[in-house]
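Colleague: Have a peek at model_27.txt (compact mmCIF, N, CA and C atoms).
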# COMPACT_ATOMS: atom_id res chain seq x y z
N MET S 1 96.39 97.67 77.97
CA MET S 1 97.39 96.93 77.27
C MET S 1 97.41 97.38 75.81
N PRO S 2 97.90 98.59 75.52
CA PRO S 2 97.89 99.09 74.15
C PRO S 2 98.80 98.28 73.23
N ASN S 3 99.90 97.79 73.72
CA ASN S 3 100.82 96.96 72.95
C ASN S 3 100.97 95.64 73.69
N SER S 4 101.79 94.77 73.14
CA SER S 4 102.07 93.53 73.85
C SER S 4 102.66 93.85 75.21
N PRO S 5 102.24 93.14 76.27
CA PRO S 5 102.86 93.39 77.57
C PRO S 5 104.33 93.00 77.52
N PRO S 6 105.19 93.73 78.25
CA PRO S 6 106.61 93.40 78.21
C PRO S 6 106.92 91.99 78.71
N ASP S 7 106.11 91.48 79.62
CA ASP S 7 106.29 90.12 80.14
C ASP S 7 104.93 89.42 80.11
N PRO S 8 104.60 88.78 78.98
CA PRO S 8 103.28 88.13 78.86
C PRO S 8 103.01 87.10 79.95
N ALA S 9 104.02 86.36 80.38
CA ALA S 9 103.81 85.36 81.44
C ALA S 9 103.39 86.05 82.74
N ARG S 10 104.01 87.15 83.07
CA ARG S 10 103.65 87.90 84.28
C ARG S 10 102.24 88.45 84.15
N PHE S 11 101.88 88.96 82.96
CA PHE S 11 100.53 89.48 82.74
C PHE S 11 99.49 88.39 83.01
N VAL S 12 99.71 87.19 82.45
CA VAL S 12 98.76 86.08 82.63
C VAL S 12 98.67 85.68 84.10
N ALA S 13 99.82 85.52 84.76
CA ALA S 13 99.82 85.16 86.18
C ALA S 13 99.11 86.23 87.01
N ASP S 14 99.40 87.49 86.74
CA ASP S 14 98.76 88.58 87.49
C ASP S 14 97.26 88.63 87.25
N PHE S 15 96.83 88.41 86.01
CA PHE S 15 95.39 88.44 85.70
C PHE S 15 94.65 87.38 86.50
N PHE S 16 95.12 86.13 86.42
CA PHE S 16 94.40 85.05 87.10
C PHE S 16 94.54 85.12 88.62
N THR S 17 95.68 85.60 89.11
CA THR S 17 95.83 85.77 90.56
C THR S 17 94.90 86.85 91.07
N SER S 18 94.82 87.98 90.37
CA SER S 18 93.91 89.05 90.77
C SER S 18 92.46 88.59 90.75
N LEU S 19 92.08 87.89 89.68
CA LEU S 19 90.72 87.37 89.55
C LEU S 19 90.39 86.43 90.71
N THR S 20 91.28 85.51 91.01
CA THR S 20 91.03 84.52 92.06
C THR S 20 91.10 85.15 93.44
N ASP S 21 92.08 86.03 93.68
CA ASP S 21 92.16 86.74 94.97
C ASP S 21 90.86 87.47 95.26
N SER S 22 90.37 88.23 94.28
CA SER S 22 89.14 89.00 94.46
C SER S 22 87.95 88.10 94.74
N THR S 23 87.90 86.98 94.06
CA THR S 23 86.77 86.04 94.23
C THR S 23 86.82 85.37 95.59
N VAL S 24 87.98 84.83 95.96
CA VAL S 24 88.10 84.06 97.20
C VAL S 24 87.93 84.96 98.43
N ARG S 25 88.41 86.20 98.37
CA ARG S 25 88.29 87.06 99.54
C ARG S 25 86.87 87.62 99.71
N GLY S 26 86.00 87.35 98.74
CA GLY S 26 84.60 87.71 98.91
C GLY S 26 84.18 89.01 98.29
N ASP S 27 84.96 89.57 97.36
CA ASP S 27 84.50 90.77 96.66
C ASP S 27 83.19 90.44 95.95
N ALA S 28 82.34 91.43 95.78
CA ALA S 28 81.07 91.22 95.08
C ALA S 28 81.34 90.64 93.69
N PRO S 29 80.70 89.53 93.35
CA PRO S 29 80.97 88.90 92.06
C PRO S 29 80.82 89.85 90.86
N GLU S 30 79.84 90.72 90.90
CA GLU S 30 79.63 91.67 89.80
C GLU S 30 80.83 92.61 89.67
N SER S 31 81.40 93.02 90.80
CA SER S 31 82.58 93.88 90.81
C SER S 31 83.79 93.14 90.24
N VAL S 32 83.95 91.88 90.61
CA VAL S 32 85.05 91.06 90.10
C VAL S 32 84.92 90.95 88.58
N MET S 33 83.72 90.69 88.10
CA MET S 33 83.49 90.57 86.66
C MET S 33 83.82 91.88 85.95
N ASP S 34 83.36 92.99 86.49
CA ASP S 34 83.61 94.30 85.86
C ASP S 34 85.10 94.60 85.75
N ARG S 35 85.88 94.19 86.74
CA ARG S 35 87.32 94.47 86.73
C ARG S 35 88.11 93.54 85.81
N HIS S 36 87.60 92.35 85.55
CA HIS S 36 88.39 91.35 84.84
C HIS S 36 87.86 90.96 83.46
N TYR S 37 86.60 91.21 83.18
CA TYR S 37 85.99 90.79 81.92
C TYR S 37 85.19 91.92 81.29
N THR S 38 85.14 91.93 79.96
CA THR S 38 84.27 92.87 79.27
C THR S 38 82.84 92.35 79.34
N PRO S 39 81.84 93.24 79.19
CA PRO S 39 80.45 92.78 79.24
C PRO S 39 80.10 91.75 78.17
N ASP S 40 80.80 91.80 77.02
CA ASP S 40 80.52 90.88 75.92
C ASP S 40 81.47 89.69 75.88
N VAL S 41 82.13 89.39 76.99
CA VAL S 41 83.13 88.32 77.03
C VAL S 41 82.54 86.98 76.60
N ILE S 42 83.34 86.23 75.88
CA ILE S 42 83.04 84.83 75.57
C ILE S 42 84.32 84.05 75.86
N GLN S 43 84.21 83.08 76.74
CA GLN S 43 85.33 82.21 77.06
C GLN S 43 84.89 80.79 76.75
N VAL S 44 85.58 80.16 75.83
CA VAL S 44 85.28 78.79 75.46
C VAL S 44 86.27 77.89 76.20
N SER S 45 85.75 77.09 77.10
CA SER S 45 86.60 76.19 77.90
C SER S 45 86.26 74.75 77.54
N ASP S 46 87.23 74.07 76.95
CA ASP S 46 87.03 72.68 76.53
C ASP S 46 85.76 72.53 75.68
N GLY S 47 85.54 73.49 74.81
CA GLY S 47 84.40 73.45 73.89
C GLY S 47 83.12 74.03 74.44
N LEU S 48 83.07 74.38 75.71
CA LEU S 48 81.86 74.91 76.33
C LEU S 48 81.93 76.44 76.37
N PRO S 49 81.06 77.14 75.63
CA PRO S 49 81.10 78.60 75.64
C PRO S 49 80.49 79.17 76.93
N LEU S 50 81.23 80.08 77.54
CA LEU S 50 80.76 80.76 78.76
C LEU S 50 80.67 82.24 78.46
N ASP S 51 79.48 82.80 78.59
CA ASP S 51 79.31 84.23 78.42
C ASP S 51 79.42 84.90 79.79
N HIS S 52 79.16 86.17 79.84
CA HIS S 52 79.28 86.96 81.08
C HIS S 52 78.49 86.32 82.22
N ASP S 53 77.24 85.97 81.97
CA ASP S 53 76.39 85.42 83.03
C ASP S 53 76.88 84.06 83.52
N ARG S 54 77.35 83.22 82.62
CA ARG S 54 77.85 81.90 83.03
C ARG S 54 79.16 82.02 83.80
N LEU S 55 80.03 82.97 83.40
CA LEU S 55 81.26 83.20 84.16
C LEU S 55 80.94 83.74 85.55
N LEU S 56 79.97 84.64 85.62
CA LEU S 56 79.54 85.18 86.91
C LEU S 56 79.05 84.05 87.82
N ALA S 57 78.26 83.15 87.29
CA ALA S 57 77.76 82.01 88.08
C ALA S 57 78.90 81.11 88.55
N HIS S 58 79.98 81.04 87.78
CA HIS S 58 81.13 80.20 88.13
C HIS S 58 81.90 80.77 89.32
N LEU S 59 81.82 82.08 89.55
CA LEU S 59 82.57 82.70 90.65
C LEU S 59 82.08 82.25 92.02
N ARG S 60 80.81 82.03 92.17
CA ARG S 60 80.26 81.69 93.49
C ARG S 60 80.83 80.38 94.04
N PRO S 61 80.86 79.29 93.26
CA PRO S 61 81.45 78.05 93.81
C PRO S 61 82.96 78.18 94.07
N VAL S 62 83.65 78.98 93.25
CA VAL S 62 85.08 79.19 93.49
C VAL S 62 85.26 79.81 94.86
N ARG S 63 84.48 80.80 95.18
CA ARG S 63 84.60 81.48 96.49
C ARG S 63 84.36 80.52 97.63
N ARG S 64 83.40 79.63 97.48
CA ARG S 64 83.06 78.69 98.56
C ARG S 64 84.04 77.54 98.69
N ASN S 65 84.66 77.12 97.59
CA ASN S 65 85.40 75.87 97.59
C ASN S 65 86.91 75.98 97.57
N VAL S 66 87.47 77.04 97.03
CA VAL S 66 88.92 77.13 96.88
C VAL S 66 89.55 77.65 98.17
N LEU S 67 90.53 76.89 98.69
CA LEU S 67 91.22 77.27 99.91
C LEU S 67 92.58 77.90 99.63
N ASP S 68 93.28 77.36 98.64
CA ASP S 68 94.63 77.82 98.33
C ASP S 68 94.84 77.63 96.83
N TYR S 69 95.69 78.45 96.21
CA TYR S 69 95.89 78.37 94.77
C TYR S 69 97.15 79.12 94.38
N ARG S 70 97.67 78.73 93.24
CA ARG S 70 98.74 79.49 92.60
C ARG S 70 98.72 79.15 91.12
N PHE S 71 99.24 80.07 90.32
CA PHE S 71 99.27 79.92 88.88
C PHE S 71 100.72 79.88 88.44
N GLU S 72 101.08 78.80 87.78
CA GLU S 72 102.43 78.61 87.29
C GLU S 72 102.39 78.74 85.76
N VAL S 73 102.89 79.86 85.25
CA VAL S 73 102.89 80.08 83.81
C VAL S 73 104.19 79.53 83.24
N HIS S 74 104.08 78.54 82.39
CA HIS S 74 105.25 77.88 81.83
C HIS S 74 105.81 78.63 80.63
N GLU S 75 104.91 79.18 79.83
CA GLU S 75 105.32 79.98 78.69
C GLU S 75 104.15 80.83 78.23
N ALA S 76 104.49 81.97 77.66
CA ALA S 76 103.46 82.87 77.15
C ALA S 76 104.07 83.77 76.08
N VAL S 77 103.29 84.04 75.06
CA VAL S 77 103.69 84.97 74.02
C VAL S 77 102.52 85.91 73.75
N ALA S 78 102.86 87.12 73.32
CA ALA S 78 101.82 88.11 73.05
C ALA S 78 102.06 88.76 71.70
N ASP S 79 100.97 89.11 71.06
CA ASP S 79 100.98 89.89 69.83
C ASP S 79 99.89 90.94 70.00
N GLY S 80 100.29 92.12 70.42
CA GLY S 80 99.31 93.16 70.71
C GLY S 80 98.41 92.74 71.85
N HIS S 81 97.11 92.70 71.59
CA HIS S 81 96.12 92.36 72.62
C HIS S 81 95.89 90.86 72.75
N ARG S 82 96.54 90.07 71.92
CA ARG S 82 96.34 88.62 71.95
C ARG S 82 97.49 87.95 72.70
N ILE S 83 97.12 86.96 73.52
CA ILE S 83 98.11 86.23 74.30
C ILE S 83 97.83 84.73 74.18
N ALA S 84 98.90 83.97 74.03
CA ALA S 84 98.83 82.51 74.09
C ALA S 84 99.71 82.09 75.25
N ALA S 85 99.20 81.19 76.07
CA ALA S 85 99.97 80.78 77.25
C ALA S 85 99.66 79.33 77.60
N ARG S 86 100.66 78.71 78.23
CA ARG S 86 100.48 77.38 78.83
C ARG S 86 100.80 77.54 80.30
N LEU S 87 99.85 77.18 81.14
CA LEU S 87 100.01 77.35 82.57
C LEU S 87 99.41 76.19 83.33
N THR S 88 99.78 76.10 84.59
CA THR S 88 99.18 75.10 85.49
C THR S 88 98.54 75.84 86.65
N ILE S 89 97.31 75.46 86.92
CA ILE S 89 96.59 75.97 88.10
C ILE S 89 96.75 74.93 89.19
N HIS S 90 97.37 75.30 90.27
CA HIS S 90 97.50 74.45 91.45
C HIS S 90 96.49 74.97 92.47
N ALA S 91 95.65 74.10 92.97
CA ALA S 91 94.64 74.54 93.94
C ALA S 91 94.40 73.46 94.98
N ARG S 92 93.89 73.91 96.10
CA ARG S 92 93.42 73.01 97.16
C ARG S 92 91.99 73.42 97.46
N THR S 93 91.08 72.45 97.40
CA THR S 93 89.67 72.74 97.61
C THR S 93 89.18 72.11 98.92
N ARG S 94 88.06 72.63 99.39
CA ARG S 94 87.47 72.13 100.63
C ARG S 94 87.19 70.64 100.59
N LYS S 95 86.56 70.21 99.54
CA LYS S 95 86.10 68.81 99.48
C LYS S 95 87.02 67.92 98.67
N GLY S 96 87.71 68.46 97.68
CA GLY S 96 88.48 67.62 96.78
C GLY S 96 89.96 67.54 97.05
N GLY S 97 90.48 68.34 97.97
CA GLY S 97 91.91 68.32 98.24
C GLY S 97 92.70 69.00 97.14
N PRO S 98 93.98 68.60 96.98
CA PRO S 98 94.82 69.27 95.99
C PRO S 98 94.47 68.86 94.56
N THR S 99 94.54 69.83 93.65
CA THR S 99 94.32 69.58 92.23
C THR S 99 95.38 70.33 91.44
N ALA S 100 95.62 69.87 90.24
CA ALA S 100 96.49 70.57 89.31
C ALA S 100 95.85 70.44 87.93
N THR S 101 95.73 71.56 87.24
CA THR S 101 95.11 71.57 85.93
C THR S 101 96.00 72.33 84.96
N GLU S 102 96.37 71.66 83.89
CA GLU S 102 97.14 72.33 82.83
C GLU S 102 96.15 73.07 81.93
N VAL S 103 96.49 74.30 81.57
CA VAL S 103 95.63 75.12 80.73
C VAL S 103 96.43 75.65 79.54
N HIS S 104 95.87 75.49 78.36
CA HIS S 104 96.40 76.12 77.15
C HIS S 104 95.41 77.22 76.81
N LEU S 105 95.86 78.45 76.87
CA LEU S 105 94.99 79.63 76.75
C LEU S 105 95.36 80.43 75.51
N PHE S 106 94.35 80.79 74.75
CA PHE S 106 94.48 81.74 73.65
C PHE S 106 93.47 82.83 73.95
N GLY S 107 93.95 84.03 74.29
CA GLY S 107 93.04 85.06 74.74
C GLY S 107 93.25 86.40 74.06
N GLU S 108 92.21 87.20 74.12
CA GLU S 108 92.25 88.58 73.65
C GLU S 108 91.85 89.47 74.82
N PHE S 109 92.66 90.49 75.08
CA PHE S 109 92.44 91.39 76.21
C PHE S 109 92.28 92.82 75.71
N THR S 110 91.59 93.64 76.49
CA THR S 110 91.41 95.05 76.14
C THR S 110 92.63 95.85 76.60
N GLU S 111 92.67 97.11 76.20
CA GLU S 111 93.78 97.98 76.61
C GLU S 111 93.89 98.09 78.13
N ASP S 112 92.76 98.00 78.84
CA ASP S 112 92.82 98.10 80.30
C ASP S 112 93.02 96.74 80.98
N GLY S 113 93.32 95.70 80.21
CA GLY S 113 93.68 94.41 80.79
C GLY S 113 92.54 93.46 81.07
N ARG S 114 91.33 93.76 80.59
CA ARG S 114 90.20 92.85 80.80
C ARG S 114 90.13 91.84 79.66
N MET S 115 89.64 90.65 79.99
CA MET S 115 89.50 89.60 78.98
C MET S 115 88.25 89.86 78.15
N ARG S 116 88.43 89.77 76.83
CA ARG S 116 87.31 89.93 75.90
C ARG S 116 86.92 88.58 75.30
N ARG S 117 87.90 87.81 74.90
CA ARG S 117 87.67 86.51 74.29
C ARG S 117 88.75 85.56 74.77
N ALA S 118 88.39 84.28 74.91
CA ALA S 118 89.40 83.29 75.26
C ALA S 118 88.94 81.91 74.83
N HIS S 119 89.91 81.10 74.47
CA HIS S 119 89.70 79.68 74.23
C HIS S 119 90.70 78.97 75.13
N GLN S 120 90.20 78.01 75.89
CA GLN S 120 91.05 77.27 76.82
C GLN S 120 90.85 75.77 76.61
N LEU S 121 91.95 75.07 76.60
CA LEU S 121 91.92 73.61 76.63
C LEU S 121 92.58 73.21 77.94
N THR S 122 91.97 72.28 78.66
CA THR S 122 92.49 71.91 79.97
C THR S 122 92.64 70.40 80.08
N ARG S 123 93.49 70.00 81.02
CA ARG S 123 93.59 68.59 81.38
C ARG S 123 94.05 68.51 82.83
N ALA S 124 93.49 67.53 83.52
CA ALA S 124 93.88 67.30 84.91
C ALA S 124 95.25 66.64 84.94
N LEU S 125 96.07 67.09 85.87
CA LEU S 125 97.39 66.51 86.11
C LEU S 125 97.36 65.71 87.40
N PRO S 126 98.38 64.91 87.67
CA PRO S 126 98.43 64.22 88.96
C PRO S 126 98.33 65.23 90.11
N ALA S 127 97.74 64.82 91.21
CA ALA S 127 97.48 65.72 92.33
C ALA S 127 98.71 66.45 92.82
N SER S 128 99.88 65.87 92.66
CA SER S 128 101.10 66.54 93.13
C SER S 128 101.39 67.77 92.29
N GLY S 129 100.75 67.85 91.11
CA GLY S 129 100.97 68.99 90.24
C GLY S 129 102.22 68.86 89.39
N THR S 130 102.88 67.70 89.46
CA THR S 130 104.07 67.52 88.63
C THR S 130 103.68 66.85 87.34
N ASP S 131 104.35 67.23 86.30
CA ASP S 131 104.11 66.65 85.00
C ASP S 131 105.46 66.54 84.32
N GLU S 132 105.99 65.36 84.25
CA GLU S 132 107.31 65.16 83.67
C GLU S 132 107.31 65.34 82.17
N GLU S 133 106.14 65.21 81.55
CA GLU S 133 106.05 65.35 80.11
C GLU S 133 106.38 66.78 79.72
N GLY S 134 107.22 66.96 78.76
CA GLY S 134 107.53 68.29 78.27
C GLY S 134 108.61 68.99 79.06
N LYS S 135 109.22 68.31 80.06
CA LYS S 135 110.28 68.96 80.84
C LYS S 135 111.63 68.51 80.35
Represent the structure from my file as structure tokens, please.

Modeller:
Amino acid sequence: MPNSPPDPARFVADFFTSLTDSTVRGDAPESVMDRHYTPDVIQVSDGLPLDHDRLLAHLRPVRRNVLDYRFEVHEAVADGHRIAARLTIHARTRKGGPTATEVHLFGEFTEDGRMRRAHQLTRALPASGTDEEGK
């Protein structure tokens, strides 16, 4: 990603779909990490910093628990390697049923499309995944 992607929303949707597809289908977690994150990645989610090892540990439960998912990107803007986006993660899990999570993402990606840094703020939405606020 040498310049801003022509369609930042598509870039964000493709990144998270590729990451989740690879994880759920059972690709080796280390391989998934190498393709999607830099070795020095730091992702701060709701104030909790996750480094490479903590993100790697997060992949295992995703593989076991997620049955179905999709990423709905509502808006995204890019400035070079930096992207800001608002999206909803719709998922169905083995034990918890359907979930919807709104994510506000501020991220930095490398030229090859891997995440280097990110800050995410999240909130749970009603299980139907609808949110009338902001529409």

Colleague: Let's see if you can do this: from backbone DSSP, list all helix (DSSP H, G or I) residues in chain S, as a ChimeraX atom specification.

Modeller: /S:8-24,29-36,52-65

Colleague: So how many Å separate atom N of Asp14 of chain S and atom N of Pro49 of chain S, to one decimal?

Modeller: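 Interatomic distance here is 23.8 Å.
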
Colleague: Can you list, as an NGL selection string, every protein, DNA or RNA residue that comes within 9 Å of segment 18-29 of chain S when you count only C-alpha atoms, leaving out same-chain residues fewer than 5 positions away?

Modeller: :S and (13 or 34-36 or 56-57 or 59-60 or 62-67 or 69)

Colleague: For a test of reading the model, state the distance in Å between atom C of Val73 of chain S and atom C of Ser4 of chain S, rounded to one decimal.

Modeller: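 Separating atom C of Val73 of chain S from atom C of Ser4 of chain S is a distance of 16.5 Å.
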
Colleague: As a PyMOL selection string, list the residues of chain S assigned to strand (DSSP E) by DSSP on the backbone atoms of this structure.

Modeller: chain S and resi 37-45+48-51+66-79+82-93+97-109+115-124

Colleague: Figure out the distance between atom C of Asp7 of chain S and atom CA of Glu111 of chain S, please, to one decimal in Å.

Modeller: 14.5 Å

Colleague: Write out as a PyMOL selection string which residues come within 8 Å of Gln43 of chain S when counting only C-alpha atoms, dropping same-chain ones fewer than 4 positions away.

Modeller: chain S and resi 49-51+117-120

Colleague: Can I get the selection written as a PDB file, keeping the file's coordinate frame, with N, CA and C atoms?

Modeller:
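Final output, saved to selection-v7.pdb:
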ATOM      1  N   PRO S  49      81.060  77.140  75.630  1.00  0.00           N
ATOM      2  CA  PRO S  49      81.100  78.600  75.640  1.00  0.00           C
ATOM      3  C   PRO S  49      80.490  79.170  76.930  1.00  0.00           C
ATOM      4  N   LEU S  50      81.230  80.080  77.540  1.00  0.00           N
ATOM      5  CA  LEU S  50      80.760  80.760  78.760  1.00  0.00           C
ATOM      6  C   LEU S  50      80.670  82.240  78.460  1.00  0.00           C
ATOM      7  N   ASP S  51      79.480  82.800  78.590  1.00  0.00           N
ATOM      8  CA  ASP S  51      79.310  84.230  78.420  1.00  0.00           C
ATOM      9  C   ASP S  51      79.420  84.900  79.790  1.00  0.00           C
ATOM     10  N   ARG S 117      87.900  87.810  74.900  1.00  0.00           N
ATOM     11  CA  ARG S 117      87.670  86.510  74.290  1.00  0.00           C
ATOM     12  C   ARG S 117      88.750  85.560  74.770  1.00  0.00           C
ATOM     13  N   ALA S 118      88.390  84.280  74.910  1.00  0.00           N
ATOM     14  CA  ALA S 118      89.400  83.290  75.260  1.00  0.00           C
ATOM     15  C   ALA S 118      88.940  81.910  74.830  1.00  0.00           C
ATOM     16  N   HIS S 119      89.910  81.100  74.470  1.00  0.00           N
ATOM     17  CA  HIS S 119      89.700  79.680  74.230  1.00  0.00           C
ATOM     18  C   HIS S 119      90.700  78.970  75.130  1.00  0.00           C
ATOM     19  N   GLN S 120      90.200  78.010  75.890  1.00  0.00           N
ATOM     20  CA  GLN S 120      91.050  77.270  76.820  1.00  0.00           C
ATOM     21  C   GLN S 120      90.850  75.770  76.610  1.00  0.00           C
TER      22      GLN S 120
END

Colleague: Counting all atoms listed in the file, figure out which residue out of S:Val12, S:Asn3, S:Gly97, S:Thr38 gets nearest to Phe71 of chain S.

Modeller: S:Val12

Colleague: Just want the 6 Å neighbourhood of Leu87 of chain S, counted on only C-alpha atoms, with same-chain residues fewer than 3 positions away dropped. Output as a PyMOL selection string.

Modeller: chain S and resi 72-74+102-103

Colleague: Might you pull out every residue within 8 Å of Ala85 of chain S, with only N, CA and C atoms counted and same-chain residues fewer than 4 positions away left off, and present them as a count of residues only?

Modeller: 14
